[in-house]
2 protein chains.
Amino acid sequence: MTPAPDFEQLLRGAELRVTRPRVAVLAAVHAQPHADTDALIAAVRADTTQGGDVSHQAVYDVLRALTTAGLIRRIQPSGSVARYETRVGDNHHHVVCRRCGAIGDVDCAVGEVPCLTASADNGFVIDEAEVIYWGTCPDCSTARL
Amino acid sequence: MTPAPDFEQLLRGAELRVTRPRVAVLAAVHAQPHADTDALIAAVRADTTQGGDVSHQAVYDVLRALTTAGLIRRIQPSGSVARYETRVGDNHHHVVCRRCGAIGDVDCAVGEVPCLTASADNGFVIDEAEVIYWGTCPDCSTARL
DNA sequence: GCGTCAGTCTTGAATGATTCAAGAAAACCC
DNA sequence: GGGTTTTCTTGAATCATTCAAGACTGACGC
């Protein structure tokens with residue numbers, strides 16, 4: 001795991017107020033990539049560096065604020081709840097296990113900005129390409145039924 | 001739009017029982033690509049070729065059965081409800097408007113099976129690559145605020 | 001340090017897509 | 001046509017996420 005950055009600086013840099021819930025959520029997302037909201041709420045509440053009671057509503061608010069600010073990225077494969085990660089701006093993608101829902105990071109196979117130019121864009125102005133690889137994770141492959 | 005195929009044959013070919021709700025749902029998905037479940041329920045109920053009362057539960061069941069059988073494909077961009085389409089097996093992708101949620105089809109830019117080989121697959125056995133292009137549709141681009 | 005203001009958090013309830021359950025009905029096979 | 005299995009109907013439940021109203025607190029200027 002990359003060393004924990006200065007979350008407070010990150011927040012200030014994004015012109016966001018620095019509050020305990022925000023620092024805690026940011027730290028939780030950084031510590032547990034691909035965690036869902038429930039796990040993040042639990043992590044924030046277990047964070048001893050602060051009071052320990054943060055409403056789930058605040059976590060939702062913070063996650064949305066951070067996502068909008070571009071500090072975290074929201075991913076939501078079909079059939080899964082929303083998950084968040086702090087790796088942003090490096091154009092990586094995800095593999096999702098069809099069986100257990102596990103998520104892994106995958107660096108782009110093609111190059112810097114893969115597939116970002118669609119052959120026929122229907123007039124859409126495309127600003128991002130999101131790739132999800134569907135498959136089976138090692139554990140589920142081994143435990144093949 | 002491609003001419004309506006023989007839905008009954010399709011069902012039989014997939015080893016699924018042929019029932020009115022199934023034919024109606026399959027026809028509805030074919031007639032309205034990228035429709036959500038609500039729209040499909042409405043379309044099925046408006047289908048005069050049958051009684052007219054199909055429970056939403058049946059539609060959900062049928063959609064799942066058809067998806068499992070590979071006759072239709074389920075797509076669900078983040079923040080959107082589930083949508084379905086009959087184009088399967090041709091490896092095309094989608095553009096989604098960030099503002100209004102409109103979905104368009106995009107043929108693969110790279111070739112037959114684009115990006116399907118991830119650079120580092122973490123041991124995952126990948127069987128499908130799903131690409132979603134995020135951007136702004138022509139209408140929303142024009143009506144830029 | 002202190003007051004002010006706007007943005008945030010808390011509490012509590014509501015929304016809405018999707019799923020679960022149990023029994024009735026229909027399709028397929030012979 | 002009869003029997004069996006799958007599928008459909010009805011009705012209720014679940015659960016992530018959002019909405020709303022008021023209390024709180026961080027940031028900034030004096």
# chains A, B, ... in the order shown; residues from 1 in each chain; ligands from 1
call {"tool": "interface_residues", "arguments": {"of": "chain B", "to": "chain D", "cutoff": "12 Å", "atoms": "only C-alpha atoms (C1' of nucleotides)", "output": "list in words"}}
result
Glu15, Leu16, Arg17, Val18, Thr19, Arg20, Pro21, Arg22, Asp53, Val54, Ser55, His56, Gln57, Ala58, Val59, Tyr60, Asp61, Val62, Ala65 and Gly79 of chain B
call {"tool": "select_by_dssp", "arguments": {"residues": "chain B", "states": "helix (DSSP H, G or I)", "output": "PyMOL selection string"}}
result
chain B and resi 7-13+20-31+37-46+56-69+138-142
call {"tool": "residues_around", "arguments": {"residues": "His93 of chain A", "least_positions_apart": "3", "cutoff": "9 Å", "atoms": "only C-alpha atoms (C1' of nucleotides)", "output": "list in words"}}
result
Gly104, Asp105, Val106, Asp107, Cys108, Glu130, Val131, Ile132 and Tyr133 of chain A; Ala118 of chain B
call {"tool": "interface_residues", "arguments": {"of": "chain C", "to": "chain B", "cutoff": "8 Å", "atoms": "only C-alpha atoms (C1' of nucleotides)", "output": "ChimeraX atom specification"}}
result
/C:17,27-28
call {"tool": "closest_atom_pairs", "arguments": {"of": "chain B", "to": "chain A", "cutoff": "6 Å", "atoms": "only C-alpha atoms", "output": "tab-separated table"}}
result
residue	atom	partner	partner_atom	distance
B:Gln76	CA	A:Ser78	CA	5.4
B:Ser78	CA	A:Gln76	CA	5.4
B:Val106	CA	A:Ala120	CA	5.9
B:Ala109	CA	A:Ser119	CA	4.7
B:Ala118	CA	A:Ala109	CA	5.1
B:Ser119	CA	A:Ala109	CA	4.7
B:Ala120	CA	A:Val106	CA	5.9
B:Gly123	CA	A:Pro138	CA	5.5
B:Phe124	CA	A:Cys137	CA	4.4
B:Val125	CA	A:Thr136	CA	5.1
B:Ile126	CA	A:Gly135	CA	4.0
B:Asp127	CA	A:Gly135	CA	5.1
B:Glu128	CA	A:Trp134	CA	5.1
B:Ala129	CA	A:Tyr133	CA	4.4
B:Glu130	CA	A:Ile132	CA	5.0
B:Val131	CA	A:Val131	CA	4.5
B:Ile132	CA	A:Glu130	CA	5.0
B:Tyr133	CA	A:Ala129	CA	4.4
B:Trp134	CA	A:Glu128	CA	5.1
B:Gly135	CA	A:Ile126	CA	4.0
B:Thr136	CA	A:Val125	CA	5.1
B:Cys137	CA	A:Phe124	CA	4.4
B:Pro138	CA	A:Gly123	CA	5.4
call {"tool": "write_last_selection", "arguments": {"atoms": "C-alpha atoms", "output": "PDB file, in the first residue's frame"}}
result
ATOM      1  CA  GLN B  76     -26.008  -0.931 -15.375  1.00  0.00           C
ATOM      2  CA  SER B  78     -23.159   3.658 -11.988  1.00  0.00           C
ATOM      3  CA  VAL B 106     -20.571   2.046 -29.837  1.00  0.00           C
ATOM      4  CA  ALA B 109     -12.811   0.843 -31.602  1.00  0.00           C
ATOM      5  CA  ALA B 118      -5.342  -7.081 -19.139  1.00  0.00           C
ATOM      6  CA  SER B 119      -1.672  -6.407 -18.557  1.00  0.00           C
ATOM      7  CA  ALA B 120      -1.699  -7.850 -15.053  1.00  0.00           C
ATOM      8  CA  GLY B 123      -4.649 -14.372 -11.474  1.00  0.00           C
ATOM      9  CA  PHE B 124      -8.178 -13.671 -12.580  1.00  0.00           C
ATOM     10  CA  VAL B 125      -9.575 -15.680 -15.454  1.00  0.00           C
ATOM     11  CA  ILE B 126     -11.100 -12.966 -17.592  1.00  0.00           C
ATOM     12  CA  ASP B 127     -13.922 -13.842 -19.938  1.00  0.00           C
ATOM     13  CA  GLU B 128     -15.356 -10.482 -20.878  1.00  0.00           C
ATOM     14  CA  ALA B 129     -14.356  -6.854 -21.077  1.00  0.00           C
ATOM     15  CA  GLU B 130     -17.046  -4.284 -20.578  1.00  0.00           C
ATOM     16  CA  VAL B 131     -16.361  -0.731 -21.640  1.00  0.00           C
ATOM     17  CA  ILE B 132     -18.407   2.301 -20.708  1.00  0.00           C
ATOM     18  CA  TYR B 133     -17.602   5.641 -22.241  1.00  0.00           C
ATOM     19  CA  TRP B 134     -18.669   8.555 -20.078  1.00  0.00           C
ATOM     20  CA  GLY B 135     -19.431  11.865 -21.660  1.00  0.00           C
ATOM     21  CA  THR B 136     -22.143  14.209 -22.731  1.00  0.00           C
ATOM     22  CA  CYS B 137     -24.772  13.442 -25.316  1.00  0.00           C
ATOM     23  CA  PRO B 138     -25.445  15.810 -28.231  1.00  0.00           C
TER      24      PRO B 138
END
call {"tool": "closest_residue", "arguments": {"among": "A:Ile72, A:Ala102, A:Thr67, A:Gly13", "to": "Val88 of chain A", "atoms": "only C-alpha atoms"}}
result
A:Ile72
call {"tool": "select_by_dssp", "arguments": {"residues": "segment 40-99 of chain B", "states": "strand (DSSP E or B)", "output": "PyMOL selection string"}}
result
chain B and resi 73-75+83-85+93-97
call {"tool": "atom_distance", "arguments": {"atom1": "atom CA of Leu26 of chain A", "atom2": "atom CA of Arg64 of chain A"}}
result
11.6 Å
